[in-house]
Structures are given as C-alpha cells and as structure tokens.
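Data from start08.cif: mmCIF, C-alpha atoms
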data_entry
#
loop_
_atom_site.label_atom_id
_atom_site.label_comp_id
_atom_site.auth_asym_id
_atom_site.auth_seq_id
_atom_site.Cartn_x
_atom_site.Cartn_y
_atom_site.Cartn_z
CA GLN G 1 15.46 -3.40 11.54
CA LYS G 2 12.77 -2.48 9.05
CA GLU G 3 13.60 -0.23 6.10
CA VAL G 4 10.75 2.10 7.06
CA GLU G 5 9.71 2.73 10.65
CA GLN G 6 6.38 4.27 11.58
CA ASP G 7 4.78 4.52 14.99
CA PRO G 8 1.58 2.45 14.77
CA GLY G 9 -0.16 4.59 17.40
CA PRO G 10 -3.02 4.68 18.01
CA LEU G 11 -3.17 8.46 18.00
CA SER G 12 -6.26 10.26 19.25
CA VAL G 13 -6.72 14.04 19.00
CA PRO G 14 -9.63 16.49 19.29
CA GLU G 15 -11.27 17.95 16.23
CA GLY G 16 -9.46 21.03 14.94
CA ALA G 17 -6.04 19.96 16.22
CA ILE G 18 -2.92 19.87 14.10
CA VAL G 19 -1.79 16.30 13.55
CA SER G 20 1.79 15.29 12.88
CA LEU G 21 2.58 11.85 11.48
CA ASN G 22 6.13 10.70 10.87
CA CYS G 23 8.27 8.00 9.33
CA THR G 24 11.97 7.32 9.37
CA TYR G 25 13.83 5.21 6.87
CA SER G 26 17.22 3.66 6.45
CA ASN G 27 17.67 3.35 2.67
CA SER G 28 19.31 6.52 1.37
CA ALA G 29 18.37 5.55 -2.19
CA PHE G 30 14.71 6.34 -1.59
CA GLN G 31 13.66 9.32 -3.69
CA TYR G 32 9.90 9.11 -3.95
CA PHE G 33 7.79 9.51 -0.85
CA MET G 34 4.09 8.97 -0.50
CA TRP G 35 1.38 9.10 2.11
CA TYR G 36 -1.59 6.80 1.78
CA ARG G 37 -4.82 6.96 3.77
CA GLN G 38 -6.66 3.75 4.53
CA TYR G 39 -10.17 3.72 5.95
CA SER G 40 -11.33 0.65 7.79
CA ARG G 41 -12.00 -2.28 5.45
CA LYS G 42 -10.89 -0.28 2.41
CA GLY G 43 -7.81 -0.21 0.21
CA PRO G 44 -5.14 2.47 0.68
CA GLU G 45 -5.64 5.66 -1.33
CA LEU G 46 -2.86 8.03 -2.33
CA LEU G 47 -2.98 11.26 -0.35
CA MET G 48 0.31 13.01 -1.03
CA TYR G 49 3.31 12.39 -3.25
CA THR G 50 6.71 14.08 -2.99
CA TYR G 51 9.89 13.69 -4.94
CA SER G 52 13.18 14.15 -3.06
CA SER G 53 13.44 16.71 -0.26
CA GLY G 54 11.12 19.61 0.42
CA ASN G 55 7.55 20.46 1.27
CA LYS G 56 4.31 19.95 -0.56
CA GLU G 57 0.96 21.38 0.43
CA ASP G 58 -2.50 20.29 -0.63
CA GLY G 59 -5.36 21.91 1.22
CA ARG G 60 -5.15 20.96 4.87
CA PHE G 61 -2.33 18.49 4.24
CA THR G 62 1.40 19.21 4.13
CA ALA G 63 4.07 16.63 3.39
CA GLN G 64 7.68 17.24 4.34
CA VAL G 65 10.76 15.27 3.38
CA ASP G 66 14.16 15.68 5.00
CA LYS G 67 16.50 13.33 3.18
CA SER G 68 19.50 14.35 5.27
CA SER G 69 17.74 13.04 8.36
CA LYS G 70 15.88 10.26 6.52
CA TYR G 71 12.67 11.57 8.00
CA ILE G 72 9.31 12.35 6.45
CA SER G 73 6.23 13.95 7.95
CA LEU G 74 2.59 14.54 7.17
CA PHE G 75 0.79 17.42 8.85
CA ILE G 76 -2.99 17.70 8.93
CA ARG G 77 -4.37 21.12 9.86
CA ASP G 78 -7.87 21.72 11.21
CA SER G 79 -8.37 17.97 11.59
CA GLN G 80 -11.86 16.59 11.02
CA PRO G 81 -13.56 13.40 12.24
CA SER G 82 -13.56 12.28 8.59
CA ASP G 83 -9.74 12.24 8.76
CA SER G 84 -9.95 9.27 11.14
CA ALA G 85 -8.12 6.48 9.32
CA THR G 86 -4.82 4.66 9.17
CA TYR G 87 -2.07 6.67 7.49
CA LEU G 88 0.71 4.78 5.76
CA CYS G 89 3.95 6.23 4.53
CA ALA G 90 5.49 4.59 1.49
CA MET G 91 8.67 5.15 -0.45
CA THR G 92 10.69 3.86 -3.36
CA HIS G 93 13.65 4.71 -5.53
CA GLN G 94 14.42 5.20 -9.17
CA GLY G 95 14.12 1.98 -11.10
CA ALA G 96 12.37 0.11 -8.31
CA GLN G 97 8.92 -1.28 -8.85
CA LYS G 98 7.80 -1.95 -5.34
CA LEU G 99 6.69 0.46 -2.67
CA VAL G 100 8.06 -0.04 0.83
CA PHE G 101 5.45 0.82 3.42
CA GLY G 102 5.58 1.83 7.03
CA GLN G 103 3.46 -0.03 9.54
CA GLY G 104 0.76 2.65 9.42
CA THR G 105 -0.49 4.98 12.16
CA ARG G 106 -4.09 4.64 13.28
CA LEU G 107 -5.52 8.13 13.79
CA THR G 108 -8.80 9.06 15.48
CA ILE G 109 -10.18 12.60 15.44
CA ASN G 110 -12.67 13.10 18.26
CA PRO G 111 -15.59 15.51 17.68
CA ASP B 1 -13.61 4.17 -5.98
CA SER B 2 -10.12 3.58 -7.40
CA GLY B 3 -11.32 1.69 -10.46
CA VAL B 4 -9.44 -1.44 -9.40
CA THR B 5 -11.72 -4.38 -8.66
CA GLN B 6 -10.97 -7.46 -6.61
CA THR B 7 -12.96 -10.63 -6.03
CA PRO B 8 -13.96 -12.17 -3.76
CA LYS B 9 -14.22 -9.68 -0.90
CA HIS B 10 -13.99 -12.37 1.73
CA LEU B 11 -12.67 -15.90 1.63
CA ILE B 12 -12.74 -18.44 4.44
CA THR B 13 -10.96 -21.71 3.93
CA ALA B 14 -9.07 -24.42 5.75
CA THR B 15 -5.39 -25.16 6.14
CA GLY B 16 -3.89 -27.06 3.26
CA GLN B 17 -6.37 -25.70 0.74
CA ARG B 18 -5.75 -23.65 -2.39
CA VAL B 19 -7.47 -20.38 -3.34
CA THR B 20 -7.40 -17.93 -6.23
CA LEU B 21 -7.78 -14.19 -5.84
CA ARG B 22 -8.71 -12.10 -8.83
CA CYS B 23 -7.91 -8.52 -9.74
CA SER B 24 -8.97 -6.28 -12.61
CA PRO B 25 -6.81 -3.17 -13.01
CA ARG B 26 -8.04 0.30 -13.94
CA SER B 27 -8.81 0.73 -17.59
CA GLY B 28 -5.58 1.30 -19.48
CA ASP B 29 -3.23 0.33 -16.65
CA LEU B 30 -0.70 -2.29 -17.73
CA SER B 31 0.97 -2.88 -14.36
CA VAL B 32 -0.55 -4.93 -11.58
CA TYR B 33 0.95 -5.24 -8.11
CA TRP B 34 -0.01 -7.66 -5.33
CA TYR B 35 0.44 -6.82 -1.65
CA GLN B 36 -0.26 -8.67 1.57
CA GLN B 37 -1.35 -6.75 4.66
CA SER B 38 -1.18 -8.41 8.06
CA LEU B 39 -1.26 -6.95 11.54
CA ASP B 40 2.31 -7.87 12.40
CA GLN B 41 4.00 -7.29 9.02
CA GLY B 42 2.05 -4.35 7.64
CA LEU B 43 1.70 -3.94 3.88
CA GLN B 44 4.23 -6.10 2.05
CA PHE B 45 4.89 -6.19 -1.68
CA LEU B 46 4.52 -9.65 -3.19
CA ILE B 47 4.86 -9.45 -6.96
CA GLN B 48 4.36 -7.19 -9.99
CA TYR B 49 3.27 -7.93 -13.55
CA TYR B 50 3.50 -5.64 -16.53
CA ASN B 51 1.51 -6.45 -19.64
CA GLY B 52 1.53 -10.15 -18.91
CA GLU B 53 5.13 -10.50 -17.78
CA GLU B 54 6.54 -10.75 -14.29
CA ARG B 55 8.57 -7.64 -13.53
CA ALA B 56 9.46 -7.71 -9.85
CA LYS B 57 9.25 -10.09 -6.94
CA GLY B 58 9.10 -9.28 -3.28
CA ASN B 59 8.51 -11.40 -0.22
CA ILE B 60 6.36 -13.95 -2.01
CA LEU B 61 6.35 -17.49 -0.71
CA GLU B 62 6.98 -20.39 -3.07
CA ARG B 63 3.46 -21.64 -2.27
CA PHE B 64 2.13 -18.46 -3.87
CA SER B 65 2.07 -17.71 -7.58
CA ALA B 66 0.49 -15.14 -9.83
CA GLN B 67 -0.17 -14.44 -13.47
CA GLN B 68 -1.54 -11.70 -15.66
CA PHE B 69 -3.76 -12.57 -18.58
CA PRO B 70 -4.03 -10.98 -22.05
CA ASP B 71 -7.04 -8.93 -20.91
CA LEU B 72 -4.72 -7.61 -18.14
CA HIS B 73 -6.63 -9.06 -15.22
CA SER B 74 -4.43 -10.86 -12.71
CA GLU B 75 -4.83 -13.82 -10.40
CA LEU B 76 -2.93 -14.63 -7.23
CA ASN B 77 -2.89 -18.32 -6.36
CA LEU B 78 -2.23 -19.37 -2.79
CA SER B 79 -1.72 -23.06 -2.08
CA SER B 80 -1.04 -25.32 0.90
CA LEU B 81 -2.54 -22.58 3.03
CA GLU B 82 -1.38 -22.06 6.58
CA LEU B 83 -2.94 -20.15 9.45
CA GLY B 84 -0.33 -17.43 9.01
CA ASP B 85 -1.56 -16.73 5.48
CA SER B 86 -4.66 -15.11 6.92
CA ALA B 87 -4.42 -11.49 5.82
CA LEU B 88 -5.77 -8.82 3.52
CA TYR B 89 -4.54 -9.16 -0.04
CA PHE B 90 -4.52 -6.03 -2.14
CA CYS B 91 -4.07 -5.54 -5.82
CA ALA B 92 -2.89 -2.22 -7.18
CA SER B 93 -2.50 -0.93 -10.69
CA ARG B 94 -0.33 1.81 -12.02
CA ASN B 95 -1.03 4.50 -14.52
CA THR B 96 2.15 4.42 -16.59
CA GLY B 97 1.37 7.88 -17.91
CA GLY B 98 1.01 9.40 -14.47
CA SER B 99 3.30 10.24 -11.59
CA TYR B 100 6.06 7.82 -10.92
CA ASN B 101 4.86 4.81 -8.99
CA GLU B 102 1.43 6.25 -8.33
CA GLN B 103 -0.39 3.03 -7.57
CA PHE B 104 -4.15 2.73 -7.15
CA PHE B 105 -5.35 0.07 -4.77
CA GLY B 106 -8.38 -2.16 -4.96
CA PRO B 107 -10.66 -2.84 -1.99
CA GLY B 108 -8.81 -6.03 -1.08
CA THR B 109 -9.68 -9.66 -0.41
CA ARG B 110 -9.82 -10.71 3.23
CA LEU B 111 -8.53 -14.29 3.54
CA THR B 112 -9.19 -16.27 6.68
CA VAL B 113 -7.52 -19.66 7.04
CA LEU B 114 -9.02 -21.84 9.75
#

Could you write out this structure as structure tokens?
Amino acid sequence: QKEVEQDPGPLSVPEGAIVSLNCTYSNSAFQYFMWYRQYSRKGPELLMYTYSSGNKEDGRFTAQVDKSSKYISLFIRDSQPSDSATYLCAMTHQGAQKLVFGQGTRLTINP
Amino acid sequence: DSGVTQTPKHLITATGQRVTLRCSPRSGDLSVYWYQQSLDQGLQFLIQYYNGEERAKGNILERFSAQQFPDLHSELNLSSLELGDSALYFCASRNTGGSYNEQFFGPGTRLTVL
C-alpha cells in the first residue's frame, strides 16, 4: 500500500463547476500538506500549502486537511478551462526532507 | 517560470549507456532535490543535496548518483540504463528562508531509453 493514495482520474467537468480532489494517507506523522499543479510537459508548481489540520483559502482554491481521517482535499470553485492540469497532493513531516506525492489526478475543464 | 533550470529538455539513448542531467537551482537556494516521474510510480524522491553535501536519499538505484558543485548546480548521473529508466526527471530547489519544504520545480528532463 502506498503512503499517499490519490485517484488518478481522469476527471472531466464543465466550466463553472466545483471540483473536488482528494488524497488519503497512512503516515500519521505527516504535518505539512501541499497541492501542486502540473501542466502538460511542465514541472509541478506549488498551488496551496497547509500546516496540520484546517482549511486554507486562496481565491477560487480551498485546501482542507482532516488529520483525524488522514484525508486532504482541494476544492476549485468556478472552474476554468485554464485549470485543466494534473493535480498532485504532497506531504511531509517535521525533520523530513523529501515530499511524498500522490499519483496525481488529471483534470479537464470543458468550455 | 520557477527559476530552476534543467538541461537537456529531452534525451534519447540506448540501454547500457550513461547520461548526465544538469540542474541549476534558483538564485540563493542551497538545497537541490531530484525526483523521477513515471506513469506507474508517479513522482518519486531520489536524493537531496544541501550546499554540496548529500542530505537525504530516497528510492535511488545504485546505478544512479548525484552531486552538487560549489556553484550549487547539481548533476544526476544515470548509468547502465535500462528501458524502465525512461521517465521525466525533475530537479527542485528550496528557499530555506521560505515556507517549510516549499520546493520549486524545474521544467524536467524527459529521458527515453531505447
């Protein structure tokens, strides 16, 4: 079993829809949670960063962390075709150097 | 543009060969991370260097090695290449003054082993 599980999709939704992306994890030591966006043939870019449990909002994006359930989510409101990309969750813990990534979910927003 | 540069963009080679991938971190970043991204394994951490010294090792094969030079650029050496080594290789650098573990990724090198 992988430390971080993420449904690879693909996920296809119409423009303007609310998108929900999720990851589950098994390592209770994880404290730092990130969402990266990766466009085709590009490197991942950091989208959201959250420490421990709770919510964080940035424009149309909301990240949620539920450590009790070992479950994290990324919500995208008013989705746009430009949001079409692969979204990767990543996490790590205090003192660790490496990030542990989910498989990534390929998202397509249809105009 | 993340500020991290990687060369070459594409590399096509044959089994048994050796290649070197190069990475220049963002200005001021002392940490360099190498990752491998394949369709079946996703993005996997390989190795990290900090100011010229190895700091952490992940799922890096013995056929692979890396180093970081005094000017902070890093090279990943892959030898005795196998078909399964075909993947995207990313370098990331970290701003030690920023958020914890906020890593900035380069555009990657796509390696194809034939």

Could you give me, as a Markdown table, every chain B residue with an atom at most 6 Å from chain G, plus its closest atom pair and distance in Å to one decimal, counting all atoms listed in the file, rows ordered by chain then number?
| residue | atom | partner | partner_atom | distance |
| --- | --- | --- | --- | --- |
| B:Gly42 | CA | G:Gln103 | CA | 4.9 |
| B:Phe105 | CA | G:Gly43 | CA | 5.6 |
| B:Gly106 | CA | G:Gly43 | CA | 5.6 |
| B:Pro107 | CA | G:Gly43 | CA | 4.5 |

Point to revise | Å distance separating atom CA of Leu47 of chain G from atom CA of Trp35 of chain G, one decimal place | key: 5.5 Å

Polymer residues at most 9 Å from segment 68-85 of chain G, all atoms listed in the file, same-chain spacing of 2 or more positions, as a compact mmCIF listing (two decimals) with C-alpha atoms, in the coordinates of the input:
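Ended up saving to selection_26.txt:
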# COMPACT_ATOMS: atom_id res chain seq x y z
CA SER G 12 -6.26 10.26 19.25
CA VAL G 13 -6.72 14.04 19.00
CA PRO G 14 -9.63 16.49 19.29
CA GLU G 15 -11.27 17.95 16.23
CA GLY G 16 -9.46 21.03 14.94
CA ALA G 17 -6.04 19.96 16.22
CA ILE G 18 -2.92 19.87 14.10
CA VAL G 19 -1.79 16.30 13.55
CA SER G 20 1.79 15.29 12.88
CA LEU G 21 2.58 11.85 11.48
CA ASN G 22 6.13 10.70 10.87
CA CYS G 23 8.27 8.00 9.33
CA THR G 24 11.97 7.32 9.37
CA TYR G 25 13.83 5.21 6.87
CA SER G 26 17.22 3.66 6.45
CA ASN G 27 17.67 3.35 2.67
CA SER G 28 19.31 6.52 1.37
CA PHE G 33 7.79 9.51 -0.85
CA TRP G 35 1.38 9.10 2.11
CA ARG G 37 -4.82 6.96 3.77
CA GLN G 38 -6.66 3.75 4.53
CA TYR G 39 -10.17 3.72 5.95
CA SER G 40 -11.33 0.65 7.79
CA MET G 48 0.31 13.01 -1.03
CA SER G 53 13.44 16.71 -0.26
CA GLY G 59 -5.36 21.91 1.22
CA ARG G 60 -5.15 20.96 4.87
CA PHE G 61 -2.33 18.49 4.24
CA THR G 62 1.40 19.21 4.13
CA ALA G 63 4.07 16.63 3.39
CA GLN G 64 7.68 17.24 4.34
CA VAL G 65 10.76 15.27 3.38
CA ASP G 66 14.16 15.68 5.00
CA TYR G 87 -2.07 6.67 7.49
CA CYS G 89 3.95 6.23 4.53
CA THR G 105 -0.49 4.98 12.16
CA ARG G 106 -4.09 4.64 13.28
CA LEU G 107 -5.52 8.13 13.79
CA THR G 108 -8.80 9.06 15.48
CA ILE G 109 -10.18 12.60 15.44
CA ASN G 110 -12.67 13.10 18.26
CA PRO G 111 -15.59 15.51 17.68

Check your understanding: Could you work out how far atom CA of Leu78 of chain B lies from atom CA of Tyr35 of chain B, giving the answer in Å with one decimal?
Key ->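 Taking atom CA of Tyr35 of chain B as the start and atom CA of Leu78 of chain B as the end point, the length is 12.9 Å.
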
Practice item. Rank nothing, just name the residue among G:Phe30, G:Glu57, G:Thr86, G:Ser52 nearest to Val4 of chain G, using only C-alpha atoms. Key: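 Looking at the shortest contact to Val4 of chain G, the residue is G:Phe30.
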
Practice item. For Val113 of chain B, work out the shell of residues within 8 Å, counting only C-alpha atoms and skipping chain neighbours fewer than 3 positions away, then give it as a PyMOL selection string. Key: chain B and resi 12-15+81-86

**Study point:** Residues within 7 Å of Tyr33 of chain B, all atoms listed in the file, excluding chain neighbours under 6 positions, as a PyMOL selection string
**Key:** chain B and resi 47-49+91-93

Exercise for review: Convert the output of the PyMOL selection byres ((chain B and resi 39) around 10) on the shown file into explicit residues, formatted as a PyMOL selection string.
Suggested key: (chain G and resi 103) or (chain B and resi 37-38+40-43+86-88)

Practice item. Kindly give the distance, in Å, that separates atom CA of Leu72 of chain B and atom CA of Thr50 of chain G, rounded to a single decimal. Key: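 Between atom CA of Leu72 of chain B and atom CA of Thr50 of chain G the gap works out to 28.8 Å.
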
Check your understanding: Of the residues G:Asn55, G:Ala29, G:Tyr36, G:Gly9, which is the one nearest to Glu102 of chain B, using only C-alpha atoms?
Key ->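 Closest residue, counting only C-alpha atoms: G:Tyr36.
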
Exercise for review: Could you state which residues are captured by the PyMOL selection byres ((chain B and resi 57-61) around 6) in this file, as number ranges by chain?
Suggested key: B: 45-47, 56, 62-64

Could those residues be written to a file, using C-alpha atoms, as a short mmCIF file (atom, residue, chain, number, x, y, z; two decimals), in the coordinates of the input?
data_model
loop_
_atom_site.label_atom_id
_atom_site.label_comp_id
_atom_site.auth_asym_id
_atom_site.auth_seq_id
_atom_site.Cartn_x
_atom_site.Cartn_y
_atom_site.Cartn_z
CA PHE B 45 4.89 -6.19 -1.68
CA LEU B 46 4.52 -9.65 -3.19
CA ILE B 47 4.86 -9.45 -6.96
CA ALA B 56 9.46 -7.71 -9.85
CA GLU B 62 6.98 -20.39 -3.07
CA ARG B 63 3.46 -21.64 -2.27
CA PHE B 64 2.13 -18.46 -3.87
#

Exercise for review: Tell me which of B:Val4, B:Asp71, B:Leu76, B:Ser31 sits closest to Glu53 of chain B, counting only C-alpha atoms.
Suggested key: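 For Glu53 of chain B, the nearest of the candidates is B:Ser31.
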
Exercise for review: Rank B:Leu11, B:Ala66, B:Val19, B:Val32 by their smallest atom-to-atom distance to Arg110 of chain B, using only C-alpha atoms, and report the top residue only.
Suggested key: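 Selected residue with least distance to Arg110 of chain B: B:Leu11.
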